[in-house]
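These notes concern the structure reproduced below.
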Amino acid sequence: MPRGPEKEIEQLKRRRQKAQDSGDIAEEAKICNNIGTLYAETGDIRRALRYHQIELSLSEAGSDRLEAAIAHRKVGECECELGNFDAAVRHQMEHLKIAQGLGDLLEEQRALATIGRTYFVQSESQRGLEAEETLVLAGNTHLKSLDLCDRLVGKVPDRALLQMKGRVYLNLGLVYQNQCDYRSARKFLEKALDIVKDEVNDSTTVFLCYLSLGTLHLQENHPALALRCYQQAVGVARKLGSGLNESEALRRLAGAYLQTSSFDAAKSCLKKVLQMAEGSQGENEDAERQLRTIRKILQYKVQVESVGVEKVEERLRLYEKLGDLCCSLAVYTAAVKFYGEQLRIAEAHGLEPRELSPILVSLARSHSDCRQFSQALLYYQRELELWRGNPREECQTWTSIACTRESAGEGRGRVLEAYLRAAQLSREAGCPQQEVRGLTSA
């Protein structure tokens, strides 16, 4: 724990002891709130939860309903961070219920915003229909909190109200982003940024807006726009003096540079991340792994440029390694380029089908990873032509075609047609296990 918060917590604990000695329950509850908040800020969520639970017990014992409501919110926030979503929502619903009973619109808005966030975080741990349903709950709850913002006009300071709306817009943008409704996501994220940057100067939310917009631009395949957003996020984090935020922004910036094949720039970002050592152990280990891979890519790029055109095998080997390394970084656009160069050299020197086939498969898979399914299918079709008359190899290719058609959202008939063709070829090749795998997938 940083020395500053640790010292402040110790002072608060001494004050708490004095409040206990004098029997001042209300004061003790407030001090426990402050201690819990500090522990949460340093990432010690379990200790934070313990103090907020004490705060809740004291507030309920003292019959202060508003303080009890706030304590329920704090406990709920900690439970959410720990992944205990049912417990989190239960406490946050108590916060909402008490706020509504008191007619406190401000606390009601806060309760709804907190519940919406919990649903959103929960959805990220789920899959399929379950995640979709939880995202709908998150979006509806945030929309209700936005409605309350309008009812708070004239009842809270303008700046505080704008700050609230900016954060709700950000949260709605994140919900729509995870629902793959990128147009709505962009609209709400840009609205949020306009408010928190130009009208209230809320730097923390500005930082989150830039991070979210950067990710959205990458999802929409606009890496140049993503770069600008992440660069802005790095600048905001530095102004905030937050090494943790700067480290996160630099990691994302490195990822965007990779998507544009700017390997030197990505390397520079990751070196800064590791020098700062602000992230978790897992994040830093991941940054080290990426940095090692990028250094290998740069090394192989230098080698392939210096190898003579007559050294065909060496050039093929290097381009394959470059493609494989890019795939390990999920940089599939660059992988396609390197595998494409490998194929060009192989075809120019008349390599046999068994040597061309792996290259075609690498290209097909990389295009699939880029969600360029029509291109992937073209390469599988070329592989089929290579293996014409070899039922075992044709079977494997038809199975890959079936999977790709399925990923592309083609009709069930088209998918089943490919699986059935694979099954027929499997029988011809005398490979019943392959037939079973194909039909099971169908």
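Here's how to read the names in the structure tokens: chain A, B, ... by the order shown, residue numbers from 1 in each chain, ligand numbers from 1 in the order shown.
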
Residues of range 80-168 of chain A that approach range 173-190 of chain A to 7 Å or less, counting only C-alpha atoms: could you list each one with the shortest pair of atoms and its distance in Å to one decimal, rows by chain and increasing residue number, as CSV?
residue,atom,partner,partner_atom,distance
A:Phe120,CA,A:Val175,CA,6.9
A:Leu135,CA,A:Val175,CA,6.4
A:Gly139,CA,A:Val175,CA,6.1

Serialized selection, C-alpha atoms, as an mmCIF file, in the first residue's frame:
data_model
loop_
_atom_site.group_PDB
_atom_site.id
_atom_site.type_symbol
_atom_site.label_atom_id
_atom_site.label_comp_id
_atom_site.auth_asym_id
_atom_site.auth_seq_id
_atom_site.Cartn_x
_atom_site.Cartn_y
_atom_site.Cartn_z
ATOM 1 C CA PHE A 120 -22.747 -4.238 -16.655
ATOM 2 C CA LEU A 135 -26.839 -5.996 -20.512
ATOM 3 C CA GLY A 139 -29.084 -0.291 -20.088
#

Practice prompt. Take CA of Tyr380 in chain A and CA of Trp398 in chain A and report the distance between them in Å, one decimal.
Written response: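 The value is 8.1 Å.
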
Residues at most 6 Å from Pro391 in chain A, counting only C-alpha atoms, excluding those fewer than 4 positions away in the same chain, as a PDB file with N, CA and C atoms, in the first residue's frame?
ATOM      1  N   CYS A 395     -11.699 -33.924 -46.907  1.00  0.00           N
ATOM      2  CA  CYS A 395     -12.618 -33.972 -45.750  1.00  0.00           C
ATOM      3  C   CYS A 395     -12.273 -32.889 -44.733  1.00  0.00           C
ATOM      4  N   LEU A 425     -16.776 -37.700 -47.678  1.00  0.00           N
ATOM      5  CA  LEU A 425     -15.351 -37.888 -47.966  1.00  0.00           C
ATOM      6  C   LEU A 425     -14.663 -38.685 -46.866  1.00  0.00           C
ATOM      7  N   ALA A 429     -12.556 -42.081 -47.347  1.00  0.00           N
ATOM      8  CA  ALA A 429     -11.170 -42.194 -46.872  1.00  0.00           C
ATOM      9  C   ALA A 429     -11.010 -43.263 -45.800  1.00  0.00           C
TER      10      ALA A 429
END

Give me the range 238-301 of chain A side of the contact with range 325-347 of chain A, cut-off 8 Å, one line per residue showing its nearest atom pair and distance in Å at one decimal, counting only C-alpha atoms, sorted by chain and residue number, as a Markdown table.
| residue | atom | partner | partner_atom | distance |
| --- | --- | --- | --- | --- |
| A:Leu258 | CA | A:Val331 | CA | 6.5 |
| A:Gln259 | CA | A:Val331 | CA | 5.8 |
| A:Ser261 | CA | A:Ala334 | CA | 6.3 |
| A:Gln290 | CA | A:Leu329 | CA | 6.9 |
| A:Thr293 | CA | A:Leu325 | CA | 6.6 |
| A:Ile297 | CA | A:Leu325 | CA | 6.8 |

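Closest approach to Arg159 in chain A among A:His367, A:Gln396, A:Val200, A:His217: A:Val200, based on only C-alpha atoms.
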
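CA of Cys32 in chain A is found 12.5 Å from CA of Glu8 in chain A.
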
Practice prompt. Could you tell me how far CA of Gly235 in chain A lies from CA of Ala256 in chain A, in Å and to one decimal?
Written response: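 Pair CA of Gly235 in chain A / CA of Ala256 in chain A returns 16.1 Å.
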
Report as a PDB file with N, CA and C atoms, in the first residue's frame all protein, DNA and RNA residues lying within 10 Å of Ile115 in chain A, evaluated on only C-alpha atoms, omitting residues in the same chain fewer than 2 positions from it.
ATOM      1  N   ARG A  73     -24.838   0.969  -0.293  1.00  0.00           N
ATOM      2  CA  ARG A  73     -24.205   1.194  -1.604  1.00  0.00           C
ATOM      3  C   ARG A  73     -22.731   0.823  -1.567  1.00  0.00           C
ATOM      4  N   GLY A  76     -22.307  -2.871  -1.425  1.00  0.00           N
ATOM      5  CA  GLY A  76     -22.631  -3.406  -2.742  1.00  0.00           C
ATOM      6  C   GLY A  76     -21.506  -3.203  -3.738  1.00  0.00           C
ATOM      7  N   GLU A  77     -20.872  -2.035  -3.718  1.00  0.00           N
ATOM      8  CA  GLU A  77     -19.758  -1.761  -4.634  1.00  0.00           C
ATOM      9  C   GLU A  77     -18.604  -2.728  -4.393  1.00  0.00           C
ATOM     10  N   CYS A  80     -19.477  -6.172  -5.650  1.00  0.00           N
ATOM     11  CA  CYS A  80     -19.362  -6.186  -7.113  1.00  0.00           C
ATOM     12  C   CYS A  80     -17.917  -6.383  -7.534  1.00  0.00           C
ATOM     13  N   ALA A  88     -24.187  -7.980  -4.242  1.00  0.00           N
ATOM     14  CA  ALA A  88     -24.038  -6.565  -4.612  1.00  0.00           C
ATOM     15  C   ALA A  88     -25.385  -5.946  -4.942  1.00  0.00           C
ATOM     16  N   VAL A  89     -26.141  -6.602  -5.798  1.00  0.00           N
ATOM     17  CA  VAL A  89     -27.443  -6.058  -6.206  1.00  0.00           C
ATOM     18  C   VAL A  89     -28.395  -6.004  -5.015  1.00  0.00           C
ATOM     19  N   ARG A  90     -28.335  -7.003  -4.155  1.00  0.00           N
ATOM     20  CA  ARG A  90     -29.218  -7.004  -2.972  1.00  0.00           C
ATOM     21  C   ARG A  90     -28.982  -5.757  -2.115  1.00  0.00           C
ATOM     22  N   HIS A  91     -27.721  -5.439  -1.861  1.00  0.00           N
ATOM     23  CA  HIS A  91     -27.414  -4.246  -1.054  1.00  0.00           C
ATOM     24  C   HIS A  91     -27.769  -2.966  -1.818  1.00  0.00           C
ATOM     25  N   GLN A  92     -27.504  -2.949  -3.099  1.00  0.00           N
ATOM     26  CA  GLN A  92     -27.784  -1.737  -3.884  1.00  0.00           C
ATOM     27  C   GLN A  92     -29.283  -1.504  -4.044  1.00  0.00           C
ATOM     28  N   MET A  93     -30.066  -2.563  -4.070  1.00  0.00           N
ATOM     29  CA  MET A  93     -31.523  -2.423  -4.100  1.00  0.00           C
ATOM     30  C   MET A  93     -32.035  -1.858  -2.771  1.00  0.00           C
ATOM     31  N   HIS A  95     -30.300   0.209  -0.960  1.00  0.00           N
ATOM     32  CA  HIS A  95     -29.958   1.629  -1.107  1.00  0.00           C
ATOM     33  C   HIS A  95     -31.068   2.360  -1.871  1.00  0.00           C
ATOM     34  N   LEU A  96     -31.474   1.765  -2.991  1.00  0.00           N
ATOM     35  CA  LEU A  96     -32.534   2.363  -3.816  1.00  0.00           C
ATOM     36  C   LEU A  96     -33.847   2.464  -3.053  1.00  0.00           C
ATOM     37  N   GLN A 109     -30.897   8.504  -7.773  1.00  0.00           N
ATOM     38  CA  GLN A 109     -30.135   8.509  -9.018  1.00  0.00           C
ATOM     39  C   GLN A 109     -28.812   7.764  -8.839  1.00  0.00           C
ATOM     40  N   ARG A 110     -28.145   8.007  -7.717  1.00  0.00           N
ATOM     41  CA  ARG A 110     -26.880   7.321  -7.455  1.00  0.00           C
ATOM     42  C   ARG A 110     -27.090   5.809  -7.349  1.00  0.00           C
ATOM     43  N   ALA A 111     -28.184   5.418  -6.696  1.00  0.00           N
ATOM     44  CA  ALA A 111     -28.478   3.997  -6.533  1.00  0.00           C
ATOM     45  C   ALA A 111     -28.682   3.330  -7.889  1.00  0.00           C
ATOM     46  N   LEU A 112     -29.445   3.972  -8.757  1.00  0.00           N
ATOM     47  CA  LEU A 112     -29.703   3.405 -10.085  1.00  0.00           C
ATOM     48  C   LEU A 112     -28.415   3.319 -10.908  1.00  0.00           C
ATOM     49  N   ALA A 113     -27.593   4.365 -10.827  1.00  0.00           N
ATOM     50  CA  ALA A 113     -26.320   4.353 -11.573  1.00  0.00           C
ATOM     51  C   ALA A 113     -25.422   3.216 -11.088  1.00  0.00           C
ATOM     52  N   ARG A 117     -24.224  -0.169 -13.176  1.00  0.00           N
ATOM     53  CA  ARG A 117     -22.818  -0.556 -13.330  1.00  0.00           C
ATOM     54  C   ARG A 117     -22.607  -2.011 -12.910  1.00  0.00           C
ATOM     55  N   THR A 118     -23.248  -2.414 -11.812  1.00  0.00           N
ATOM     56  CA  THR A 118     -23.097  -3.800 -11.349  1.00  0.00           C
ATOM     57  C   THR A 118     -23.601  -4.787 -12.392  1.00  0.00           C
ATOM     58  N   TYR A 119     -24.762  -4.493 -12.991  1.00  0.00           N
ATOM     59  CA  TYR A 119     -25.278  -5.365 -14.048  1.00  0.00           C
ATOM     60  C   TYR A 119     -24.290  -5.435 -15.217  1.00  0.00           C
ATOM     61  N   PHE A 120     -23.701  -4.274 -15.535  1.00  0.00           N
ATOM     62  CA  PHE A 120     -22.747  -4.238 -16.655  1.00  0.00           C
ATOM     63  C   PHE A 120     -21.529  -5.111 -16.357  1.00  0.00           C
ATOM     64  N   VAL A 121     -20.955  -4.951 -15.161  1.00  0.00           N
ATOM     65  CA  VAL A 121     -19.778  -5.748 -14.779  1.00  0.00           C
ATOM     66  C   VAL A 121     -20.139  -7.234 -14.762  1.00  0.00           C
ATOM     67  N   LEU A 137     -30.705  -5.263 -18.748  1.00  0.00           N
ATOM     68  CA  LEU A 137     -30.991  -4.736 -17.399  1.00  0.00           C
ATOM     69  C   LEU A 137     -30.111  -3.526 -17.101  1.00  0.00           C
ATOM     70  N   ALA A 138     -28.828  -3.614 -17.461  1.00  0.00           N
ATOM     71  CA  ALA A 138     -27.900  -2.503 -17.223  1.00  0.00           C
ATOM     72  C   ALA A 138     -28.345  -1.264 -17.990  1.00  0.00           C
ATOM     73  N   THR A 141     -31.566   0.289 -16.557  1.00  0.00           N
ATOM     74  CA  THR A 141     -31.311   0.942 -15.263  1.00  0.00           C
ATOM     75  C   THR A 141     -30.599   2.273 -15.468  1.00  0.00           C
ATOM     76  N   HIS A 142     -29.650   2.325 -16.384  1.00  0.00           N
ATOM     77  CA  HIS A 142     -28.958   3.594 -16.660  1.00  0.00           C
ATOM     78  C   HIS A 142     -29.915   4.618 -17.285  1.00  0.00           C
ATOM     79  N   SER A 145     -31.768   6.163 -14.524  1.00  0.00           N
ATOM     80  CA  SER A 145     -30.939   7.134 -13.787  1.00  0.00           C
ATOM     81  C   SER A 145     -30.790   8.425 -14.587  1.00  0.00           C
TER      82      SER A 145
END

Practice prompt. Pick out the residues sitting within 10 Å of Ala287 in chain A, and hand them over as a list in words; count only C-alpha atoms, and ignore anything fewer than 3 positions along from it in its own chain.
Written response: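 The neighbour list is Arg251, Ala254, Lys267, Cys269, Leu270, Lys271, Val273, Leu274, Gly279, Gln281, Gly282, Glu283, Asn284, Gln290, Leu291, Arg292 and Thr293 of chain A.
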